[in-house]
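A.B. asks: Take this structure first; my questions come after.
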Amino acid sequence: AQVHHAPHVVVLTSPGVGHVAPVAEFATRLAALHGLAATIVTYTNLSSPTNSSALSSLPPVISTAALPEVPLDDLPADAHIVTLILTVVHRALPHLRALLVSFLSSSSSPVVFLADMLCPAALAVAEDLGLPRYVFYPSSLMSLCTLLYTPELARTTTCDCRDLPEPVVLPGCLPLHGADLVEPVQDRANPVYDLLVDLGLDYLRCHGFIVHTFDAMEHDTLQAFRDLSDRGVYPPAYAVGPFVRPFSDTSAEHGCIRWLDEQPDGSVLYVCFGSGGTLSTVQTAELAAGLEASGQRFLWVVRFPSDMDNSAGYLGHQTTDDPVSCLPEGFVERTKGVGLVVPQWAPQVEILEHRAVGGFLSHCGWNSCLEAVCAGVPVLAWPLFAEQRMNAVKLASDHVGVALRVSGGDGAVVTREEVAVAVRELMVGEKGAVARRRARELRVEAREASVPGGPAHQALAAVVDLWRCAAAASPAPAPA
Ligand code: UDP
């Protein structure tokens, strides 16, 4: 009888801890639950120390490989962050091919290839090499539906999408105003628009989408997507979430956790705009004044303001200065005891799960959304870019119902009065109490989705079975 080897899973991840961390956790699950070996492939361009720390403490059967740096100096200085990332993905394709070929020739294990949400261009390489190929999608299925729709949006409309007269209604999805579609399609004249159209087409080269979501969060969307894939419109989607990964083993020793230990239950608002979200100088000052005026306890992860770009933090603004120095004069002293500011980075998962935390002012990156839900903490949604507005719409929807929204948006500054009102409503108001109840219900549903043998495990097992079958069908390895 022929001996067939378990597949070796190669996962390509785009830069940014919001992508690298869920890939790391996903690969860890493949190893722990299914005994598979995996290699996480990263890009050297645009990587940051936090990316690398997301890859520390992986089990021994998971390796990492970084594709060599590619030149980007011909791009304009104001190129969109997604343009930078997608350009890196394209230019590194020859390096990826060489790496995959080396895996195929040096090992007898059949290779399965996974590309994360911003790397589907790489599926063409896997297709060419005849490999099973999947997309690992670390955001909502609804946002994937909108990206799959982008080519049609481009073909059937001529205006900027914020000017669309009617909401976009996709099967099983909430109606979305054009302005709530992903931020890189907002400006048709920006070169990133066409890159997103290509992205939407490239996804169709995969054999399936592995999506970091779960039924209670996206029931209708999952059902509608199942119908579409049964009809051959799209490859199938597997809902393998939610899983959250504490950032490091030493997080519990962080000073902010000790500070939380001294605060009353449910009394602290945690404020964080993800790994790269950035406010303007004026907005930072208004937020500070609003937190102070709210009278609520807070724990704020403070970043350097940027007046150019609300995703400036992604480009690894490296400096030895302390962003706390950018807060209004006397703010830290006046709020001492009530508030704590942490420069740059804090152990978010541990913070959200701390009994003292009662609310989360969030930019609504999808990981942050799921971490809030898994901790049963209601959200004050302050979306900035990428698919965050859509995530905020979902969290605040009747069906999910765990979020209130700050007013403002569309680039307008949220005033200190608006901040104070919204923060009080979330922490001690009636609407906040309703969202908190709903968040606690959803926490239970999230746990049920991810218990051993539950739906997330079953979905993962189904896709791993397909890989094993593909591996068994592939040519037997040559004798060593
Ligand atoms: N994160 C953290 N501490 C911080 C900022 C972010 O641990 O100070 C983690 C957070 O828990 C989440 C990830 O970084 O897992 C950010 O991902 P998300 O999708 O929320 O937003 P993105 O950074 O991609 O915009």
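Scheme for the structure tokens: letters A, B, ... for chains in order shown; per-chain residue numbers from 1; ligand numbers from 1 in order shown.
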Just the residues within 8 Å of A:Met217, please, counting only C-alpha atoms, with nothing from its chain fewer than 3 positions along; format it as a JSON list (two decimals) with N, CA and C atoms, in the first residue's frame.

C.D. replies:
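So the final result, stored in out.json, reads:
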```json
[["chain", "number", "residue", "atom", "x", "y", "z"],
["A", 213, "THR", "N", -15.16, 33.84, 11.57],
["A", 213, "THR", "CA", -16.47, 34.32, 11.99],
["A", 213, "THR", "C", -17.23, 33.16, 12.61],
["A", 214, "PHE", "N", -18.46, 33.42, 13.07],
["A", 214, "PHE", "CA", -19.28, 32.32, 13.60],
["A", 214, "PHE", "C", -20.75, 32.65, 13.40],
["A", 400, "VAL", "N", -26.97, 41.92, 16.03],
["A", 400, "VAL", "CA", -25.82, 41.74, 16.91],
["A", 400, "VAL", "C", -25.99, 42.62, 18.15]]
```

A.B. asks: Could I get the residue neighbourhood of ligand 1 at 6 Å, counting only C-alpha atoms and all ligand atoms, as an MDAnalysis selection string?

C.D. replies: chainID A and resid 17:18 247 274:276 301 345:349 365:368

A.B. asks: Kindly export the residues of the current selection with C-alpha atoms, as a PDB file, in the first residue's frame.

C.D. replies:
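As a result, result-v9.pdb now contains:
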```pdb
ATOM      1  CA  VAL A  17      -0.596  42.324  13.389  1.00  0.00           C
ATOM      2  CA  GLY A  18      -4.350  42.190  12.658  1.00  0.00           C
ATOM      3  CA  PHE A 247      -0.646  38.497  22.941  1.00  0.00           C
ATOM      4  CA  GLY A 274      -6.030  48.762  16.972  1.00  0.00           C
ATOM      5  CA  SER A 275      -2.477  48.265  15.885  1.00  0.00           C
ATOM      6  CA  GLY A 276      -2.332  51.219  13.523  1.00  0.00           C
ATOM      7  CA  VAL A 301      -3.644  53.182  24.586  1.00  0.00           C
ATOM      8  CA  TRP A 345       0.591  49.088  22.940  1.00  0.00           C
ATOM      9  CA  ALA A 346      -1.246  47.206  25.690  1.00  0.00           C
ATOM     10  CA  PRO A 347      -2.258  43.545  26.165  1.00  0.00           C
ATOM     11  CA  GLN A 348      -5.767  43.965  24.759  1.00  0.00           C
ATOM     12  CA  VAL A 349      -7.165  40.459  25.151  1.00  0.00           C
ATOM     13  CA  GLY A 365     -10.943  46.187  13.478  1.00  0.00           C
ATOM     14  CA  TRP A 366     -12.429  42.712  13.175  1.00  0.00           C
ATOM     15  CA  ASN A 367     -10.082  41.139  15.732  1.00  0.00           C
ATOM     16  CA  SER A 368     -11.061  43.824  18.219  1.00  0.00           C
TER      17      SER A 368
END
```

A.B. asks: I need the residues in stretch 232-476 of chain A that are alpha helix (DSSP H) according to DSSP; give them as a PyMOL selection string.

C.D. replies: chain A and resi 255-261+281-294+331-334+348-352+366-375+388-396+416-428+430-450+455-473

A.B. asks: So that I have them on file, write out the residues from the current selection with C-alpha atoms, as an mmCIF file, in the first residue's frame.

C.D. replies:
```
data_model
loop_
_atom_site.group_PDB
_atom_site.id
_atom_site.type_symbol
_atom_site.label_atom_id
_atom_site.label_comp_id
_atom_site.auth_asym_id
_atom_site.auth_seq_id
_atom_site.Cartn_x
_atom_site.Cartn_y
_atom_site.Cartn_z
ATOM 1 C CA GLY A 255 1.403 47.503 34.811
ATOM 2 C CA CYS A 256 -2.030 48.279 33.374
ATOM 3 C CA ILE A 257 -3.361 44.901 34.530
ATOM 4 C CA ARG A 258 -2.208 45.675 38.065
ATOM 5 C CA TRP A 259 -3.933 49.056 37.760
ATOM 6 C CA LEU A 260 -7.144 47.338 36.615
ATOM 7 C CA ASP A 261 -6.918 45.013 39.631
ATOM 8 C CA THR A 281 -3.914 66.279 16.760
ATOM 9 C CA VAL A 282 -7.239 68.071 17.187
ATOM 10 C CA GLN A 283 -9.151 64.801 17.546
ATOM 11 C CA THR A 284 -6.698 63.489 20.134
ATOM 12 C CA ALA A 285 -7.226 66.642 22.209
ATOM 13 C CA GLU A 286 -11.039 66.391 21.898
ATOM 14 C CA LEU A 287 -10.996 62.729 22.877
ATOM 15 C CA ALA A 288 -8.844 63.513 25.920
ATOM 16 C CA ALA A 289 -11.127 66.355 26.996
ATOM 17 C CA GLY A 290 -14.215 64.198 26.398
ATOM 18 C CA LEU A 291 -12.884 61.297 28.461
ATOM 19 C CA GLU A 292 -12.065 63.714 31.247
ATOM 20 C CA ALA A 293 -15.499 65.336 31.071
ATOM 21 C CA SER A 294 -17.284 61.970 31.071
ATOM 22 C CA PHE A 331 -4.390 65.922 31.282
ATOM 23 C CA VAL A 332 -2.444 63.054 32.839
ATOM 24 C CA GLU A 333 -2.166 64.808 36.213
ATOM 25 C CA ARG A 334 -5.831 65.849 36.306
ATOM 26 C CA GLN A 348 -5.767 43.965 24.759
ATOM 27 C CA VAL A 349 -7.165 40.459 25.151
ATOM 28 C CA GLU A 350 -6.225 40.339 28.850
ATOM 29 C CA ILE A 351 -7.586 43.855 29.359
ATOM 30 C CA LEU A 352 -10.952 43.080 27.759
ATOM 31 C CA TRP A 366 -12.429 42.712 13.175
ATOM 32 C CA ASN A 367 -10.082 41.139 15.732
ATOM 33 C CA SER A 368 -11.061 43.824 18.219
ATOM 34 C CA CYS A 369 -14.759 43.188 17.470
ATOM 35 C CA LEU A 370 -14.402 39.459 18.136
ATOM 36 C CA GLU A 371 -12.252 40.018 21.216
ATOM 37 C CA ALA A 372 -14.922 42.342 22.642
ATOM 38 C CA VAL A 373 -17.656 39.801 21.901
ATOM 39 C CA CYS A 374 -15.643 36.910 23.392
ATOM 40 C CA ALA A 375 -15.145 38.983 26.543
ATOM 41 C CA GLN A 388 -14.167 49.201 10.008
ATOM 42 C CA ARG A 389 -17.317 51.181 9.175
ATOM 43 C CA MET A 390 -18.940 47.999 7.965
ATOM 44 C CA ASN A 391 -17.869 46.215 11.148
ATOM 45 C CA ALA A 392 -19.378 49.050 13.180
ATOM 46 C CA VAL A 393 -22.641 48.742 11.248
ATOM 47 C CA LYS A 394 -22.701 45.042 12.066
ATOM 48 C CA LEU A 395 -21.913 45.444 15.769
ATOM 49 C CA ALA A 396 -24.589 48.125 16.121
ATOM 50 C CA ARG A 416 -15.447 66.648 23.473
ATOM 51 C CA GLU A 417 -19.152 67.030 24.306
ATOM 52 C CA GLU A 418 -20.076 64.229 21.892
ATOM 53 C CA VAL A 419 -17.332 62.018 23.336
ATOM 54 C CA ALA A 420 -18.477 62.632 26.912
ATOM 55 C CA VAL A 421 -22.150 61.936 26.115
ATOM 56 C CA ALA A 422 -21.365 58.741 24.192
ATOM 57 C CA VAL A 423 -18.972 57.445 26.848
ATOM 58 C CA ARG A 424 -21.501 58.031 29.641
ATOM 59 C CA GLU A 425 -24.250 56.368 27.596
ATOM 60 C CA LEU A 426 -22.091 53.282 27.057
ATOM 61 C CA MET A 427 -20.819 53.009 30.633
ATOM 62 C CA VAL A 428 -23.827 54.053 32.717
ATOM 63 C CA GLU A 430 -29.724 52.674 29.305
ATOM 64 C CA LYS A 431 -28.532 51.931 25.752
ATOM 65 C CA GLY A 432 -25.177 50.851 27.147
ATOM 66 C CA ALA A 433 -26.935 48.459 29.518
ATOM 67 C CA VAL A 434 -28.854 46.894 26.616
ATOM 68 C CA ALA A 435 -25.633 46.499 24.581
ATOM 69 C CA ARG A 436 -23.895 44.987 27.635
ATOM 70 C CA ARG A 437 -26.653 42.394 28.084
ATOM 71 C CA ARG A 438 -26.428 41.514 24.425
ATOM 72 C CA ALA A 439 -22.611 41.306 24.586
ATOM 73 C CA ARG A 440 -22.904 38.814 27.444
ATOM 74 C CA GLU A 441 -25.354 36.696 25.457
ATOM 75 C CA LEU A 442 -23.084 36.756 22.457
ATOM 76 C CA ARG A 443 -20.132 35.731 24.638
ATOM 77 C CA VAL A 444 -22.050 32.571 25.492
ATOM 78 C CA GLU A 445 -22.797 31.952 21.821
ATOM 79 C CA ALA A 446 -19.139 32.550 20.934
ATOM 80 C CA ARG A 447 -18.092 29.970 23.512
ATOM 81 C CA GLU A 448 -20.628 27.485 22.195
ATOM 82 C CA ALA A 449 -19.308 27.993 18.670
ATOM 83 C CA SER A 450 -15.766 27.173 19.690
ATOM 84 C CA PRO A 455 -19.310 24.254 14.871
ATOM 85 C CA ALA A 456 -15.884 25.949 14.523
ATOM 86 C CA HIS A 457 -14.087 22.636 15.085
ATOM 87 C CA GLN A 458 -16.417 20.842 12.690
ATOM 88 C CA ALA A 459 -15.877 23.441 9.970
ATOM 89 C CA LEU A 460 -12.127 23.204 10.383
ATOM 90 C CA ALA A 461 -12.254 19.405 10.380
ATOM 91 C CA ALA A 462 -14.301 19.468 7.156
ATOM 92 C CA VAL A 463 -11.733 21.525 5.325
ATOM 93 C CA VAL A 464 -8.802 19.521 6.745
ATOM 94 C CA ASP A 465 -10.527 16.349 5.478
ATOM 95 C CA LEU A 466 -10.602 17.836 1.998
ATOM 96 C CA TRP A 467 -6.866 18.539 2.246
ATOM 97 C CA ARG A 468 -6.147 15.000 3.369
ATOM 98 C CA CYS A 469 -8.184 13.636 0.466
ATOM 99 C CA ALA A 470 -6.338 15.890 -1.960
ATOM 100 C CA ALA A 471 -3.047 14.741 -0.422
ATOM 101 C CA ALA A 472 -4.043 11.088 -0.794
ATOM 102 C CA ALA A 473 -4.940 11.679 -4.438
#
```

A.B. asks: Counting only C-alpha atoms, which residue out of A:Pro138, A:Pro151, A:Gly35, A:Gly130 sits closest to A:Leu195?

C.D. replies: A:Pro151

A.B. asks: Between A:Gly358, A:Met308, A:Val185, A:Leu222, which has the minimum distance to A:Ala77 (counting only C-alpha atoms)?

C.D. replies: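 Closest candidate: A:Met308.
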
A.B. asks: Just want the 8 Å neighbourhood of stretch 84-93 of chain A, counted on only C-alpha atoms, with same-chain residues fewer than 3 positions away dropped. Output as a PyMOL selection string.

C.D. replies: chain A and resi 14-15+43+45-46+67-70+72+75+79-81+96-97+118-119+121-122+125+195

A.B. asks: My list of candidates is A:Val324, A:Leu228, A:Leu404, A:Val82. Which is closest to A:Leu196 when distances are computed with only C-alpha atoms?

C.D. replies: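 Using only C-alpha atoms, A:Leu196 sits closest to A:Val82.
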
A.B. asks: Based on DSSP run over this structure's backbone, return all residues of stretch 54-182 of chain A in strand (DSSP E or B), as a list in words.

C.D. replies: Ile62, Ser63, Thr64, Ala65, Ala66, Leu67, Val111, Val112, Phe113, Leu114, Ala115, Asp116, Arg133, Tyr134, Val135, Phe136, Tyr137, Val168 and Leu176 of chain A

A.B. asks: Near A:Val197, counting only C-alpha atoms, which residues have an atom at most 9 Å away, once you skip same-chain residues fewer than 5 positions from it, shown as a PDB file with N, CA and C atoms, in the first residue's frame?

C.D. replies:
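Final output, around_15.pdb:
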```
ATOM      1  N   LEU A 147     -16.173  42.629  -0.926  1.00  0.00           N
ATOM      2  CA  LEU A 147     -14.974  42.629  -1.780  1.00  0.00           C
ATOM      3  C   LEU A 147     -15.210  41.805  -3.041  1.00  0.00           C
ATOM      4  N   LEU A 148     -15.967  40.707  -2.903  1.00  0.00           N
ATOM      5  CA  LEU A 148     -16.297  39.903  -4.086  1.00  0.00           C
ATOM      6  C   LEU A 148     -17.195  40.695  -5.042  1.00  0.00           C
ATOM      7  N   TYR A 149     -17.907  41.661  -4.477  1.00  0.00           N
ATOM      8  CA  TYR A 149     -18.836  42.471  -5.272  1.00  0.00           C
ATOM      9  C   TYR A 149     -18.134  43.651  -5.962  1.00  0.00           C
ATOM     10  N   THR A 150     -16.920  43.968  -5.532  1.00  0.00           N
ATOM     11  CA  THR A 150     -16.233  45.149  -6.061  1.00  0.00           C
ATOM     12  C   THR A 150     -16.142  45.191  -7.600  1.00  0.00           C
ATOM     13  N   PRO A 151     -15.813  44.071  -8.286  1.00  0.00           N
ATOM     14  CA  PRO A 151     -15.778  44.145  -9.748  1.00  0.00           C
ATOM     15  C   PRO A 151     -17.132  44.575 -10.337  1.00  0.00           C
ATOM     16  N   GLU A 152     -18.217  44.087  -9.741  1.00  0.00           N
ATOM     17  CA  GLU A 152     -19.543  44.466 -10.252  1.00  0.00           C
ATOM     18  C   GLU A 152     -19.842  45.936  -9.941  1.00  0.00           C
ATOM     19  N   LEU A 153     -19.439  46.370  -8.747  1.00  0.00           N
ATOM     20  CA  LEU A 153     -19.605  47.778  -8.386  1.00  0.00           C
ATOM     21  C   LEU A 153     -18.911  48.661  -9.424  1.00  0.00           C
ATOM     22  N   ALA A 154     -17.701  48.270  -9.800  1.00  0.00           N
ATOM     23  CA  ALA A 154     -16.934  49.072 -10.759  1.00  0.00           C
ATOM     24  C   ALA A 154     -17.606  49.077 -12.136  1.00  0.00           C
ATOM     25  N   VAL A 185     -12.279  51.579  -1.581  1.00  0.00           N
ATOM     26  CA  VAL A 185     -13.082  51.770  -2.808  1.00  0.00           C
ATOM     27  C   VAL A 185     -13.821  53.105  -2.793  1.00  0.00           C
ATOM     28  N   VAL A 192      -5.704  52.649  -5.865  1.00  0.00           N
ATOM     29  CA  VAL A 192      -6.048  51.492  -5.037  1.00  0.00           C
ATOM     30  C   VAL A 192      -7.413  50.910  -5.436  1.00  0.00           C
ATOM     31  N   ASP A 202      -9.401  37.946  -8.029  1.00  0.00           N
ATOM     32  CA  ASP A 202      -8.405  36.933  -7.634  1.00  0.00           C
ATOM     33  C   ASP A 202      -8.961  35.941  -6.620  1.00  0.00           C
TER      34      ASP A 202
END
```

A.B. asks: Of the candidates A:His363, A:His254, A:His5, A:His207, which shows the shortest atom-to-atom distance to A:Gly277, using only C-alpha atoms?

C.D. replies: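 Smallest separation from A:Gly277 among the options: A:His363.
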
A.B. asks: Calculate how many Å separate atom CA of A:Gly429 from atom CA of A:Val413, rounding to one decimal.

C.D. replies: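 Between atom CA of A:Gly429 and atom CA of A:Val413 the gap is 23.3 Å.
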